[in-house]
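Here's the structure we're looking at; comments come further down.
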Amino acid sequence: MNIATAFPDGQARCHWCAATPQYTAYHDTEWGYPVADDVRLFEKLCLESFQSGLSWRTILEKRENFRHAFCGFDFHQMARFDAADTARLLNNPGIVRHRGKIEAVIHNARRAVELIEQEGSLAAFIWRFEPPTPPPPQIRAQSPESQALAQALKQRGWKFLGPTTVYAFMQAMGLVNDHAPGCALRAKAEQARRIFKIPQ
């Protein structure tokens, strides 16, 4: 189970975020809070794809470089990327230069445009996969809901998004609240979810 650890400021937090101040800031201001913005959701899906096999710290350190390189993760712009853009990205030392991942997120941008044409918004589609009952916080790599969302995206042609990657996305974007019992931010994330309106 994820456990809470006391920090020098007197607050208890999820133990994983003690590793670096970047983790602490990310934990306190982003992780577990519900998101309805399509661009932010798409960005997170892309960054989780890039994180596969790497540490999240590596991605956080490069996040602003990723945003600059990928037009702020505006998927409408990314959907128009061509071979020259792929070559540009492969030569960018500020990001993870993995051809398969770069090509996958560009491909997924095109799929995101298609999905929005069909469903109205990326957020409306993704939030259908929120667990009907909040699961107890625990260490898990995936869930039935992340398996279902990963499968639904795969059926729509998305790449590099398996159930483990999708579960990390769901944790971060507030579809599940995996802040540890006793973490000072758990109740704040719960409150944010109570007032959050699921996109339709």
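Lettering and numbering for the structure tokens are positional, with chains as A, B, ... in the shown order, residues counted from 1 in each chain, and ligands counted from 1 in the shown order.
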- Item | 7 Å contact set for segment 153-162 of chain A, only C-alpha atoms, chain neighbours under 3 positions out, as a list in words |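 Returned residues: Ser49, Ala104, Asn108, Arg111, Leu149, Ala150, Thr165 and Val166 of chain A.
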For the selection just defined, write its residues with C-alpha atoms to a file, as a short mmCIF file (atom, residue, chain, number, x, y, z; two decimals), in the first residue's frame.
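Generated file (out28.cif):
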data_model
loop_
_atom_site.label_atom_id
_atom_site.label_comp_id
_atom_site.auth_asym_id
_atom_site.auth_seq_id
_atom_site.Cartn_x
_atom_site.Cartn_y
_atom_site.Cartn_z
CA SER A 49 4.10 7.14 -23.33
CA ALA A 104 3.40 7.14 -31.74
CA ASN A 108 -2.05 9.54 -31.57
CA ARG A 111 -6.41 9.73 -33.57
CA LEU A 149 -9.57 2.38 -21.53
CA ALA A 150 -6.33 1.04 -23.03
CA THR A 165 0.67 3.39 -18.77
CA VAL A 166 -3.03 4.26 -18.82
#
- Can you tell me, as a ChimeraX atom specification, what residues are no more than 12 Å from Pro21 of chain A when counting only C-alpha atoms, ignoring any on the same chain fewer than 6 positions away? /A:7-8,27-28,57,60-61
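Our summary of the geometry notes that atom CA of Pro163 of chain A is positioned 5.0 Å from atom CA of Ser146 of chain A.
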- Tell me, as a PyMOL selection string, which residues lie within 10 Å of segment 38-40 of chain A, counting only C-alpha atoms; anything in the same chain fewer than 2 positions away does not count. chain A and resi 35-36+42-46+72-76+112+116+121-124+126+173
Taking N, CA and C atoms for each residue, export the selection above as a PDB file, in the first residue's frame.
ATOM      1  N   VAL A  35      -8.981  16.536 -14.227  1.00  0.00           N
ATOM      2  CA  VAL A  35      -8.678  17.400 -15.365  1.00  0.00           C
ATOM      3  C   VAL A  35      -9.723  17.189 -16.450  1.00  0.00           C
ATOM      4  N   ALA A  36     -10.224  18.298 -17.003  1.00  0.00           N
ATOM      5  CA  ALA A  36     -11.211  18.217 -18.075  1.00  0.00           C
ATOM      6  C   ALA A  36     -10.686  18.799 -19.384  1.00  0.00           C
ATOM      7  N   PHE A  42      -4.291  15.129 -23.250  1.00  0.00           N
ATOM      8  CA  PHE A  42      -3.477  14.576 -24.323  1.00  0.00           C
ATOM      9  C   PHE A  42      -1.990  14.684 -23.988  1.00  0.00           C
ATOM     10  N   GLU A  43      -1.588  15.808 -23.426  1.00  0.00           N
ATOM     11  CA  GLU A  43      -0.192  15.958 -23.005  1.00  0.00           C
ATOM     12  C   GLU A  43       0.213  14.835 -22.061  1.00  0.00           C
ATOM     13  N   LYS A  44      -0.645  14.565 -21.090  1.00  0.00           N
ATOM     14  CA  LYS A  44      -0.302  13.549 -20.101  1.00  0.00           C
ATOM     15  C   LYS A  44      -0.219  12.159 -20.736  1.00  0.00           C
ATOM     16  N   LEU A  45      -1.114  11.859 -21.653  1.00  0.00           N
ATOM     17  CA  LEU A  45      -1.027  10.582 -22.363  1.00  0.00           C
ATOM     18  C   LEU A  45       0.299  10.476 -23.117  1.00  0.00           C
ATOM     19  N   CYS A  46       0.705  11.572 -23.748  1.00  0.00           N
ATOM     20  CA  CYS A  46       1.977  11.572 -24.471  1.00  0.00           C
ATOM     21  C   CYS A  46       3.153  11.398 -23.524  1.00  0.00           C
ATOM     22  N   GLY A  72       3.094  22.707 -27.498  1.00  0.00           N
ATOM     23  CA  GLY A  72       2.218  22.723 -26.327  1.00  0.00           C
ATOM     24  C   GLY A  72       1.262  21.549 -26.282  1.00  0.00           C
ATOM     25  N   PHE A  73       1.563  20.509 -27.030  1.00  0.00           N
ATOM     26  CA  PHE A  73       0.714  19.324 -27.154  1.00  0.00           C
ATOM     27  C   PHE A  73      -0.671  19.653 -27.727  1.00  0.00           C
ATOM     28  N   ASP A  74      -0.705  20.703 -28.545  1.00  0.00           N
ATOM     29  CA  ASP A  74      -1.910  20.996 -29.326  1.00  0.00           C
ATOM     30  C   ASP A  74      -2.016  19.908 -30.396  1.00  0.00           C
ATOM     31  N   PHE A  75      -2.911  18.970 -30.175  1.00  0.00           N
ATOM     32  CA  PHE A  75      -2.962  17.805 -31.069  1.00  0.00           C
ATOM     33  C   PHE A  75      -3.405  18.156 -32.477  1.00  0.00           C
ATOM     34  N   HIS A  76      -4.127  19.270 -32.640  1.00  0.00           N
ATOM     35  CA  HIS A  76      -4.483  19.687 -33.995  1.00  0.00           C
ATOM     36  C   HIS A  76      -3.233  20.081 -34.779  1.00  0.00           C
ATOM     37  N   ALA A 112      -6.578  11.513 -31.882  1.00  0.00           N
ATOM     38  CA  ALA A 112      -7.300  12.395 -30.963  1.00  0.00           C
ATOM     39  C   ALA A 112      -8.256  13.309 -31.727  1.00  0.00           C
ATOM     40  N   ILE A 116     -12.355  13.250 -31.178  1.00  0.00           N
ATOM     41  CA  ILE A 116     -13.138  14.434 -30.809  1.00  0.00           C
ATOM     42  C   ILE A 116     -14.246  14.689 -31.827  1.00  0.00           C
ATOM     43  N   SER A 121     -15.399  15.445 -27.229  1.00  0.00           N
ATOM     44  CA  SER A 121     -14.178  15.851 -26.549  1.00  0.00           C
ATOM     45  C   SER A 121     -13.428  14.616 -26.063  1.00  0.00           C
ATOM     46  N   LEU A 122     -12.131  14.782 -25.921  1.00  0.00           N
ATOM     47  CA  LEU A 122     -11.311  13.719 -25.361  1.00  0.00           C
ATOM     48  C   LEU A 122     -11.699  13.468 -23.912  1.00  0.00           C
ATOM     49  N   ALA A 123     -11.972  14.561 -23.195  1.00  0.00           N
ATOM     50  CA  ALA A 123     -12.327  14.437 -21.776  1.00  0.00           C
ATOM     51  C   ALA A 123     -13.612  13.636 -21.587  1.00  0.00           C
ATOM     52  N   ALA A 124     -14.621  13.908 -22.390  1.00  0.00           N
ATOM     53  CA  ALA A 124     -15.892  13.192 -22.252  1.00  0.00           C
ATOM     54  C   ALA A 124     -15.689  11.699 -22.452  1.00  0.00           C
ATOM     55  N   ILE A 126     -12.743   9.943 -22.058  1.00  0.00           N
ATOM     56  CA  ILE A 126     -11.884   9.367 -21.021  1.00  0.00           C
ATOM     57  C   ILE A 126     -12.618   9.215 -19.695  1.00  0.00           C
ATOM     58  N   MET A 173      -4.463  12.174 -13.485  1.00  0.00           N
ATOM     59  CA  MET A 173      -5.533  13.051 -13.953  1.00  0.00           C
ATOM     60  C   MET A 173      -6.791  12.997 -13.093  1.00  0.00           C
TER      61      MET A 173
END
What's around Ser55 of chain A at 12 Å? Count only C-alpha atoms, leave out sequence neighbours fewer than 6 positions away in its own chain, and write the answer as a short mmCIF file (atom, residue, chain, number, x, y, z; two decimals) with N, CA and C atoms, in the first residue's frame.
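Saved the output as part_0.cif:
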data_model
loop_
_atom_site.label_atom_id
_atom_site.label_comp_id
_atom_site.auth_asym_id
_atom_site.auth_seq_id
_atom_site.Cartn_x
_atom_site.Cartn_y
_atom_site.Cartn_z
N ALA A 19 11.36 11.75 -2.97
CA ALA A 19 12.60 11.51 -3.69
C ALA A 19 13.26 12.79 -4.20
N TYR A 23 9.24 16.09 -7.48
CA TYR A 23 8.15 15.17 -7.20
C TYR A 23 7.17 15.78 -6.19
N LEU A 47 3.15 12.16 -22.43
CA LEU A 47 4.28 12.08 -21.50
C LEU A 47 4.36 10.71 -20.84
N GLU A 48 3.22 10.11 -20.55
CA GLU A 48 3.24 8.76 -19.99
C GLU A 48 3.81 7.77 -21.02
N SER A 49 3.52 7.99 -22.30
CA SER A 49 4.10 7.14 -23.33
C SER A 49 5.62 7.29 -23.35
N GLU A 61 11.75 16.67 -15.69
CA GLU A 61 12.88 17.57 -15.97
C GLU A 61 12.85 18.07 -17.42
N LYS A 62 12.27 17.28 -18.32
CA LYS A 62 12.24 17.64 -19.73
C LYS A 62 10.87 18.17 -20.17
N VAL A 96 13.11 13.07 -25.07
CA VAL A 96 13.49 11.66 -25.21
C VAL A 96 13.45 11.34 -26.69
#
- Query: Separation of atom CA of Ala109 of chain A and atom CA of Ala148 of chain A, in Å?
  - Reply: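 Straight-line distance from atom CA of Ala109 of chain A to atom CA of Ala148 of chain A works out to 20.2 Å.
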- Query: DSSP on the backbone: what in segment 1-161 of chain A comes out helix (DSSP H, G or I), as a PyMOL selection string?
  - Reply: chain A and resi 15-18+21-29+38-51+56-69+71-73+75-78+83-90+99-119+122-129+144-155
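If only C-alpha atoms are the atoms counted, then among A:Arg140, A:Arg80, A:Arg193, A:Lys188 the closest residue to Val113 of chain A is A:Arg80.
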- Give me, please, the distance in Å between atom CA of Thr164 of chain A and atom CA of Ala141 of chain A, quoted to one decimal.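 Separation between atom CA of Thr164 of chain A and atom CA of Ala141 of chain A: 5.4 Å.
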- Non-local contacts of Trp16 of chain A (9 Å; only C-alpha atoms; under 4 positions in same chain excluded) as a ChimeraX atom specification: /A:2-5,23-24
- Selection: 10 Å around Ala192 of chain A, only C-alpha atoms, excl. self and same-chain fewer than 5 positions, as a ChimeraX atom specification: /A:32-35,174,186-187,197
Got a sec to tell me which of chain A DSSP assigns to strand (DSSP E or B), as an mmCIF file with all heavy atoms, in the first residue's frame?
data_model
loop_
_atom_site.group_PDB
_atom_site.id
_atom_site.type_symbol
_atom_site.label_atom_id
_atom_site.label_comp_id
_atom_site.auth_asym_id
_atom_site.auth_seq_id
_atom_site.Cartn_x
_atom_site.Cartn_y
_atom_site.Cartn_z
ATOM 1 N N ALA A 4 1.903 7.218 3.813
ATOM 2 C CA ALA A 4 2.215 8.629 4.011
ATOM 3 C C ALA A 4 3.468 8.762 4.860
ATOM 4 O O ALA A 4 3.701 7.981 5.785
ATOM 5 C CB ALA A 4 1.037 9.334 4.674
ATOM 6 N N THR A 5 4.267 9.765 4.540
ATOM 7 C CA THR A 5 5.524 10.022 5.222
ATOM 8 C C THR A 5 5.545 11.476 5.666
ATOM 9 O O THR A 5 5.101 12.363 4.928
ATOM 10 C CB THR A 5 6.716 9.764 4.270
ATOM 11 O OG1 THR A 5 6.673 8.412 3.833
ATOM 12 C CG2 THR A 5 8.038 10.036 4.950
ATOM 13 N N ALA A 6 6.056 11.732 6.866
ATOM 14 C CA ALA A 6 6.153 13.100 7.359
ATOM 15 C C ALA A 6 7.257 13.855 6.614
ATOM 16 O O ALA A 6 8.339 13.326 6.376
ATOM 17 C CB ALA A 6 6.437 13.099 8.852
ATOM 18 N N ALA A 12 2.171 15.376 6.109
ATOM 19 C CA ALA A 12 2.400 14.014 5.633
ATOM 20 C C ALA A 12 2.012 13.957 4.164
ATOM 21 O O ALA A 12 1.008 14.540 3.749
ATOM 22 C CB ALA A 12 1.578 13.027 6.438
ATOM 23 N N ARG A 13 2.831 13.262 3.399
ATOM 24 C CA ARG A 13 2.579 13.104 1.969
ATOM 25 C C ARG A 13 2.863 11.661 1.560
ATOM 26 O O ARG A 13 3.512 10.920 2.304
ATOM 27 C CB ARG A 13 3.483 14.032 1.150
ATOM 28 C CG ARG A 13 3.206 15.521 1.303
ATOM 29 C CD ARG A 13 4.209 16.324 0.474
ATOM 30 N NE ARG A 13 3.914 17.740 0.456
ATOM 31 C CZ ARG A 13 4.324 18.600 1.388
ATOM 32 N NH1 ARG A 13 5.035 18.158 2.429
ATOM 33 N NH2 ARG A 13 4.018 19.876 1.289
ATOM 34 N N CYS A 14 2.425 11.306 0.360
ATOM 35 C CA CYS A 14 2.756 10.000 -0.195
ATOM 36 C C CYS A 14 4.277 9.841 -0.214
ATOM 37 O O CYS A 14 4.993 10.760 -0.639
ATOM 38 C CB CYS A 14 2.209 9.874 -1.610
ATOM 39 S SG CYS A 14 0.404 9.999 -1.729
#
